[in-house]
Amino acid sequence: MLQGERGAQHGLVANPGWPPPGRSDQETDGQTEAAFERRHLPTLRVTRFVLPCVRLKKTMRILAIQSSSVKQPVEGLVLSNGIRPAIAGMFKTLAGEVAKDGVTVNLVLPGRIMTDRFMGHQKDLAERAGKTLEAWIAERSTADIPMGRIGTPEEFASMVVFLASERASYITGTVAQVDGGLIKSNV
């Protein structure tokens, strides 16, 4: 929850965590069901839970942290590639339903951000390719990013803070990429 002065609630940032990496031929029905139960349903439930309060306040913000996989699948993350677009669809629908209540609903899509999760995934990919982590990042992880580097958590947080602020009061239903220009999709 986003809190302002004296602990007043101002919004929700839903960040349901990340399904484990894996390929299509490695995933089981049980893993898919578990990913849905642990990632999609908590986002749906917490959003549904705060909605009555959010509608009353008239200036609330609801954000979901997702992934660039909403727009373009990420290699080796089949569960994330499947679940995240479902959450995006849910949030884009919700944006239209609560806009007249003064509530904004937006998605923030990190691309390659220097987090423990990102580094763990990169290490896994590097090992499978028989490369060092440093070589993998230099060759594969930054080569297709127009800015030529991986983003920082602070850069990503800046977008979240902005969309949660009063300055973003007329922005709703958006999908904001924080990816250094990696995803070229306009969807």
# chains A, B, ... in the order shown; residues from 1 in each chain; ligands from 1
$ select_by_dssp --residues "stretch 12-100 of chain A" --states "alpha helix (DSSP H)" --output "PyMOL selection string"
chain A and resi 29-35+41-57+78-98
$ residues_around --residues "stretch 152-167 of chain A" --least-positions-apart "4" --cutoff "6 Å" --atoms "only C-alpha atoms" --output "PyMOL selection string"
chain A and resi 61+113-114
$ write_last_selection --atoms "C-alpha atoms" --output "mmCIF file, in the first residue's frame"
data_model
loop_
_atom_site.group_PDB
_atom_site.id
_atom_site.type_symbol
_atom_site.label_atom_id
_atom_site.label_comp_id
_atom_site.auth_asym_id
_atom_site.auth_seq_id
_atom_site.Cartn_x
_atom_site.Cartn_y
_atom_site.Cartn_z
ATOM 1 C CA ARG A 61 -3.518 4.954 -7.460
ATOM 2 C CA ILE A 113 16.914 -4.117 -14.326
ATOM 3 C CA MET A 114 19.921 -4.995 -12.147
#
$ residues_around --residues "A:Leu109" --least-positions-apart "3" --cutoff "7 Å" --atoms "only C-alpha atoms" --output "list in words"
Ile65, Gln66, Ser67, Ser68, Val175, Ala176, Gln177 and Val178 of chain A
$ write_last_selection --atoms "N, CA and C atoms" --output "PDB file, in the first residue's frame"
ATOM      1  N   ILE A  65       3.299  -4.066 -10.899  1.00  0.00           N
ATOM      2  CA  ILE A  65       4.635  -4.272 -11.450  1.00  0.00           C
ATOM      3  C   ILE A  65       4.558  -5.574 -12.230  1.00  0.00           C
ATOM      4  N   GLN A  66       4.870  -5.516 -13.476  1.00  0.00           N
ATOM      5  CA  GLN A  66       4.784  -6.697 -14.320  1.00  0.00           C
ATOM      6  C   GLN A  66       6.150  -7.009 -14.920  1.00  0.00           C
ATOM      7  N   SER A  67       6.249  -7.111 -16.212  1.00  0.00           N
ATOM      8  CA  SER A  67       7.492  -7.461 -16.887  1.00  0.00           C
ATOM      9  C   SER A  67       7.353  -7.086 -18.348  1.00  0.00           C
ATOM     10  N   SER A  68       8.478  -6.885 -18.996  1.00  0.00           N
ATOM     11  CA  SER A  68       8.435  -6.634 -20.434  1.00  0.00           C
ATOM     12  C   SER A  68       7.836  -7.825 -21.174  1.00  0.00           C
ATOM     13  N   VAL A 175       0.607   1.369 -19.958  1.00  0.00           N
ATOM     14  CA  VAL A 175       1.598   0.328 -19.752  1.00  0.00           C
ATOM     15  C   VAL A 175       2.941   1.007 -19.969  1.00  0.00           C
ATOM     16  N   ALA A 176       3.603   1.354 -18.870  1.00  0.00           N
ATOM     17  CA  ALA A 176       4.852   2.114 -18.945  1.00  0.00           C
ATOM     18  C   ALA A 176       6.048   1.176 -18.913  1.00  0.00           C
ATOM     19  N   GLN A 177       6.814   1.209 -19.973  1.00  0.00           N
ATOM     20  CA  GLN A 177       8.030   0.399 -20.056  1.00  0.00           C
ATOM     21  C   GLN A 177       9.199   1.166 -19.468  1.00  0.00           C
ATOM     22  N   VAL A 178       9.988   0.477 -18.679  1.00  0.00           N
ATOM     23  CA  VAL A 178      11.241   1.032 -18.163  1.00  0.00           C
ATOM     24  C   VAL A 178      12.303   0.013 -18.584  1.00  0.00           C
TER      25      VAL A 178
END
$ residues_around --residues "stretch 47-59 of chain A" --least-positions-apart "6" --cutoff "8 Å" --atoms "only C-alpha atoms" --output "PDB file with N, CA and C atoms, in the first residue's frame"
ATOM      1  N   HIS A  10      -3.086   5.715   0.144  1.00  0.00           N
ATOM      2  CA  HIS A  10      -3.245   6.440  -1.111  1.00  0.00           C
ATOM      3  C   HIS A  10      -3.266   5.539  -2.332  1.00  0.00           C
ATOM      4  N   GLY A  11      -2.969   4.264  -2.157  1.00  0.00           N
ATOM      5  CA  GLY A  11      -2.998   3.395  -3.304  1.00  0.00           C
ATOM      6  C   GLY A  11      -2.369   2.050  -3.040  1.00  0.00           C
ATOM      7  N   LEU A  12      -2.231   1.316  -4.115  1.00  0.00           N
ATOM      8  CA  LEU A  12      -1.723  -0.047  -4.059  1.00  0.00           C
ATOM      9  C   LEU A  12      -0.687  -0.239  -5.157  1.00  0.00           C
ATOM     10  N   ALA A  14       0.871  -3.510  -6.646  1.00  0.00           N
ATOM     11  CA  ALA A  14       0.835  -4.972  -6.647  1.00  0.00           C
ATOM     12  C   ALA A  14       2.067  -5.492  -7.363  1.00  0.00           C
ATOM     13  N   VAL A  98     -12.889   2.107 -13.115  1.00  0.00           N
ATOM     14  CA  VAL A  98     -12.766   2.991 -11.943  1.00  0.00           C
ATOM     15  C   VAL A  98     -12.304   4.410 -12.283  1.00  0.00           C
ATOM     16  N   ASP A 101     -14.226   7.284 -10.931  1.00  0.00           N
ATOM     17  CA  ASP A 101     -14.107   7.396  -9.474  1.00  0.00           C
ATOM     18  C   ASP A 101     -12.840   8.147  -9.079  1.00  0.00           C
ATOM     19  N   GLY A 102     -12.067   8.612 -10.064  1.00  0.00           N
ATOM     20  CA  GLY A 102     -10.826   9.325  -9.768  1.00  0.00           C
ATOM     21  C   GLY A 102      -9.660   8.413  -9.452  1.00  0.00           C
ATOM     22  N   VAL A 103      -9.797   7.147  -9.782  1.00  0.00           N
ATOM     23  CA  VAL A 103      -8.765   6.151  -9.498  1.00  0.00           C
ATOM     24  C   VAL A 103      -7.976   5.888 -10.780  1.00  0.00           C
ATOM     25  N   THR A 104      -6.662   5.928 -10.683  1.00  0.00           N
ATOM     26  CA  THR A 104      -5.838   5.581 -11.838  1.00  0.00           C
ATOM     27  C   THR A 104      -5.295   4.168 -11.653  1.00  0.00           C
ATOM     28  N   GLU A 166       0.447  12.588  -7.398  1.00  0.00           N
ATOM     29  CA  GLU A 166      -0.637  13.452  -7.874  1.00  0.00           C
ATOM     30  C   GLU A 166      -0.339  13.966  -9.288  1.00  0.00           C
ATOM     31  N   SER A 169      -2.208  12.243 -12.175  1.00  0.00           N
ATOM     32  CA  SER A 169      -3.651  12.122 -11.942  1.00  0.00           C
ATOM     33  C   SER A 169      -4.481  11.952 -13.222  1.00  0.00           C
TER      34      SER A 169
END
$ closest_residue --among "A:Met60, A:Ala95, A:Val108, A:Leu125" --to "A:Asp179" --atoms "only C-alpha atoms"
A:Val108
$ residues_around --residues "A:Ile145" --least-positions-apart "4" --cutoff "8 Å" --atoms "only C-alpha atoms" --output "list in words"
Ser141, Arg149, Ile150, Asp179, Gly180, Gly181 and Leu182 of chain A
$ closest_residue --among "A:His40, A:Lys184, A:Arg23, A:Arg117" --to "A:Gly89" --atoms "only C-alpha atoms"
A:His40
$ atom_distance --atom1 "atom CA of A:Ala35" --atom2 "atom CA of A:Leu79"
6.9 Å
$ decode --residues "stretch 20-168 of chain A" --atoms "C-alpha atoms" --output "mmCIF file, in the first residue's frame"
data_model
loop_
_atom_site.group_PDB
_atom_site.id
_atom_site.type_symbol
_atom_site.label_atom_id
_atom_site.label_comp_id
_atom_site.auth_asym_id
_atom_site.auth_seq_id
_atom_site.Cartn_x
_atom_site.Cartn_y
_atom_site.Cartn_z
ATOM 1 C CA PRO A 20 10.464 -19.664 -11.630
ATOM 2 C CA PRO A 21 12.348 -19.828 -14.920
ATOM 3 C CA GLY A 22 11.739 -22.683 -17.306
ATOM 4 C CA ARG A 23 10.991 -23.658 -20.856
ATOM 5 C CA SER A 24 7.730 -24.909 -22.358
ATOM 6 C CA ASP A 25 8.948 -28.495 -22.555
ATOM 7 C CA GLN A 26 9.984 -28.441 -18.887
ATOM 8 C CA GLU A 27 6.830 -27.083 -17.245
ATOM 9 C CA THR A 28 4.166 -29.289 -15.719
ATOM 10 C CA ASP A 29 0.482 -28.625 -15.174
ATOM 11 C CA GLY A 30 1.207 -28.414 -11.449
ATOM 12 C CA GLN A 31 3.843 -25.705 -11.961
ATOM 13 C CA THR A 32 1.479 -23.739 -14.183
ATOM 14 C CA GLU A 33 -1.336 -24.007 -11.639
ATOM 15 C CA ALA A 34 1.020 -23.018 -8.801
ATOM 16 C CA ALA A 35 2.257 -19.992 -10.754
ATOM 17 C CA PHE A 36 -1.337 -18.884 -11.359
ATOM 18 C CA GLU A 37 -2.231 -19.439 -7.678
ATOM 19 C CA ARG A 38 0.845 -17.577 -6.383
ATOM 20 C CA ARG A 39 1.087 -14.760 -8.933
ATOM 21 C CA HIS A 40 -2.214 -13.979 -10.633
ATOM 22 C CA LEU A 41 -4.729 -14.678 -7.877
ATOM 23 C CA PRO A 42 -2.983 -12.632 -5.145
ATOM 24 C CA THR A 43 -2.916 -9.599 -7.448
ATOM 25 C CA LEU A 44 -6.593 -10.073 -8.240
ATOM 26 C CA ARG A 45 -7.520 -10.604 -4.582
ATOM 27 C CA VAL A 46 -5.603 -7.659 -3.112
ATOM 28 C CA THR A 47 -6.947 -5.369 -5.821
ATOM 29 C CA ARG A 48 -10.495 -6.545 -5.186
ATOM 30 C CA PHE A 49 -9.956 -6.096 -1.428
ATOM 31 C CA VAL A 50 -8.817 -2.445 -1.650
ATOM 32 C CA LEU A 51 -11.265 -1.407 -4.366
ATOM 33 C CA PRO A 52 -14.118 -0.232 -2.083
ATOM 34 C CA CYS A 53 -11.751 2.066 -0.131
ATOM 35 C CA VAL A 54 -10.016 3.206 -3.297
ATOM 36 C CA ARG A 55 -13.279 4.284 -4.914
ATOM 37 C CA LEU A 56 -14.269 6.323 -1.853
ATOM 38 C CA LYS A 57 -11.001 8.282 -1.691
ATOM 39 C CA LYS A 58 -11.243 9.583 -5.286
ATOM 40 C CA THR A 59 -7.485 10.126 -5.619
ATOM 41 C CA MET A 60 -6.118 6.636 -5.318
ATOM 42 C CA ARG A 61 -3.518 4.954 -7.460
ATOM 43 C CA ILE A 62 -3.370 1.284 -8.330
ATOM 44 C CA LEU A 63 -0.194 0.006 -9.963
ATOM 45 C CA ALA A 64 0.994 -3.436 -10.953
ATOM 46 C CA ILE A 65 4.635 -4.272 -11.450
ATOM 47 C CA GLN A 66 4.784 -6.697 -14.320
ATOM 48 C CA SER A 67 7.492 -7.461 -16.887
ATOM 49 C CA SER A 68 8.435 -6.634 -20.434
ATOM 50 C CA SER A 69 7.120 -10.154 -21.127
ATOM 51 C CA VAL A 70 3.651 -8.539 -21.246
ATOM 52 C CA LYS A 71 4.695 -7.194 -24.645
ATOM 53 C CA GLN A 72 7.415 -9.606 -25.741
ATOM 54 C CA PRO A 73 8.193 -13.067 -24.325
ATOM 55 C CA VAL A 74 11.435 -13.414 -22.376
ATOM 56 C CA GLU A 75 13.599 -16.429 -23.173
ATOM 57 C CA GLY A 76 13.421 -19.131 -20.533
ATOM 58 C CA LEU A 77 10.450 -17.646 -18.633
ATOM 59 C CA VAL A 78 7.442 -19.492 -20.056
ATOM 60 C CA LEU A 79 5.297 -19.182 -16.909
ATOM 61 C CA SER A 80 5.928 -15.455 -16.586
ATOM 62 C CA ASN A 81 5.277 -14.996 -20.305
ATOM 63 C CA GLY A 82 1.849 -16.597 -19.868
ATOM 64 C CA ILE A 83 0.653 -15.157 -16.554
ATOM 65 C CA ARG A 84 1.740 -11.527 -16.850
ATOM 66 C CA PRO A 85 -0.375 -10.675 -19.929
ATOM 67 C CA ALA A 86 -3.421 -11.971 -18.019
ATOM 68 C CA ILE A 87 -2.724 -9.536 -15.170
ATOM 69 C CA ALA A 88 -2.189 -6.761 -17.718
ATOM 70 C CA GLY A 89 -5.593 -7.483 -19.257
ATOM 71 C CA MET A 90 -7.215 -7.429 -15.833
ATOM 72 C CA PHE A 91 -5.629 -4.048 -14.980
ATOM 73 C CA LYS A 92 -6.483 -2.455 -18.321
ATOM 74 C CA THR A 93 -10.108 -3.524 -17.797
ATOM 75 C CA LEU A 94 -10.100 -2.184 -14.237
ATOM 76 C CA ALA A 95 -8.718 1.174 -15.432
ATOM 77 C CA GLY A 96 -11.877 1.774 -17.453
ATOM 78 C CA GLU A 97 -14.140 0.649 -14.634
ATOM 79 C CA VAL A 98 -12.766 2.991 -11.943
ATOM 80 C CA ALA A 99 -11.592 6.036 -13.925
ATOM 81 C CA LYS A 100 -14.761 8.044 -13.175
ATOM 82 C CA ASP A 101 -14.107 7.396 -9.474
ATOM 83 C CA GLY A 102 -10.826 9.325 -9.768
ATOM 84 C CA VAL A 103 -8.765 6.151 -9.498
ATOM 85 C CA THR A 104 -5.838 5.581 -11.838
ATOM 86 C CA VAL A 105 -4.714 2.079 -12.758
ATOM 87 C CA ASN A 106 -1.405 1.547 -14.538
ATOM 88 C CA LEU A 107 1.146 -1.139 -15.267
ATOM 89 C CA VAL A 108 4.897 -0.689 -15.031
ATOM 90 C CA LEU A 109 7.031 -3.069 -17.072
ATOM 91 C CA PRO A 110 10.651 -3.425 -16.099
ATOM 92 C CA GLY A 111 12.968 -4.614 -18.801
ATOM 93 C CA ARG A 112 16.433 -5.657 -17.755
ATOM 94 C CA ILE A 113 16.914 -4.117 -14.326
ATOM 95 C CA MET A 114 19.921 -4.995 -12.147
ATOM 96 C CA THR A 115 18.084 -6.995 -9.493
ATOM 97 C CA ASP A 116 18.906 -10.274 -7.784
ATOM 98 C CA ARG A 117 16.225 -12.011 -9.871
ATOM 99 C CA PHE A 118 17.603 -10.636 -13.113
ATOM 100 C CA MET A 119 21.165 -11.593 -12.207
ATOM 101 C CA GLY A 120 20.077 -15.098 -11.174
ATOM 102 C CA HIS A 121 18.304 -15.600 -14.505
ATOM 103 C CA GLN A 122 21.307 -14.254 -16.408
ATOM 104 C CA LYS A 123 23.624 -16.580 -14.494
ATOM 105 C CA ASP A 124 21.415 -19.538 -15.406
ATOM 106 C CA LEU A 125 21.398 -18.562 -19.100
ATOM 107 C CA ALA A 126 25.181 -17.975 -19.080
ATOM 108 C CA GLU A 127 25.848 -21.393 -17.559
ATOM 109 C CA ARG A 128 23.651 -23.100 -20.163
ATOM 110 C CA ALA A 129 25.579 -21.276 -22.893
ATOM 111 C CA GLY A 130 28.947 -22.186 -21.336
ATOM 112 C CA LYS A 131 29.902 -18.544 -20.740
ATOM 113 C CA THR A 132 30.861 -16.477 -17.753
ATOM 114 C CA LEU A 133 28.221 -14.191 -16.338
ATOM 115 C CA GLU A 134 30.248 -11.126 -17.296
ATOM 116 C CA ALA A 135 30.670 -12.307 -20.897
ATOM 117 C CA TRP A 136 26.995 -13.195 -21.160
ATOM 118 C CA ILE A 137 25.876 -9.787 -19.940
ATOM 119 C CA ALA A 138 28.290 -7.993 -22.262
ATOM 120 C CA GLU A 139 27.313 -10.102 -25.295
ATOM 121 C CA ARG A 140 23.633 -10.833 -24.785
ATOM 122 C CA SER A 141 22.067 -8.801 -22.018
ATOM 123 C CA THR A 142 22.991 -5.323 -23.193
ATOM 124 C CA ALA A 143 23.612 -5.758 -26.919
ATOM 125 C CA ASP A 144 19.963 -5.289 -27.911
ATOM 126 C CA ILE A 145 19.190 -2.450 -25.494
ATOM 127 C CA PRO A 146 19.456 0.855 -27.374
ATOM 128 C CA MET A 147 20.807 2.578 -24.235
ATOM 129 C CA GLY A 148 23.543 -0.092 -24.124
ATOM 130 C CA ARG A 149 23.197 -0.949 -20.440
ATOM 131 C CA ILE A 150 21.036 -2.597 -17.822
ATOM 132 C CA GLY A 151 18.781 -0.293 -15.813
ATOM 133 C CA THR A 152 19.056 0.371 -12.100
ATOM 134 C CA PRO A 153 16.392 -0.293 -9.479
ATOM 135 C CA GLU A 154 16.351 3.466 -8.788
ATOM 136 C CA GLU A 155 15.491 4.242 -12.406
ATOM 137 C CA PHE A 156 12.622 1.794 -12.269
ATOM 138 C CA ALA A 157 11.428 3.131 -8.903
ATOM 139 C CA SER A 158 11.288 6.653 -10.345
ATOM 140 C CA MET A 159 8.547 5.581 -12.753
ATOM 141 C CA VAL A 160 6.583 3.866 -9.988
ATOM 142 C CA VAL A 161 6.847 6.938 -7.745
ATOM 143 C CA PHE A 162 5.712 9.206 -10.566
ATOM 144 C CA LEU A 163 2.668 7.082 -11.452
ATOM 145 C CA ALA A 164 1.747 6.913 -7.758
ATOM 146 C CA SER A 165 1.936 10.706 -7.422
ATOM 147 C CA GLU A 166 -0.637 13.452 -7.874
ATOM 148 C CA ARG A 167 1.290 14.577 -10.975
ATOM 149 C CA ALA A 168 0.012 11.415 -12.708
#
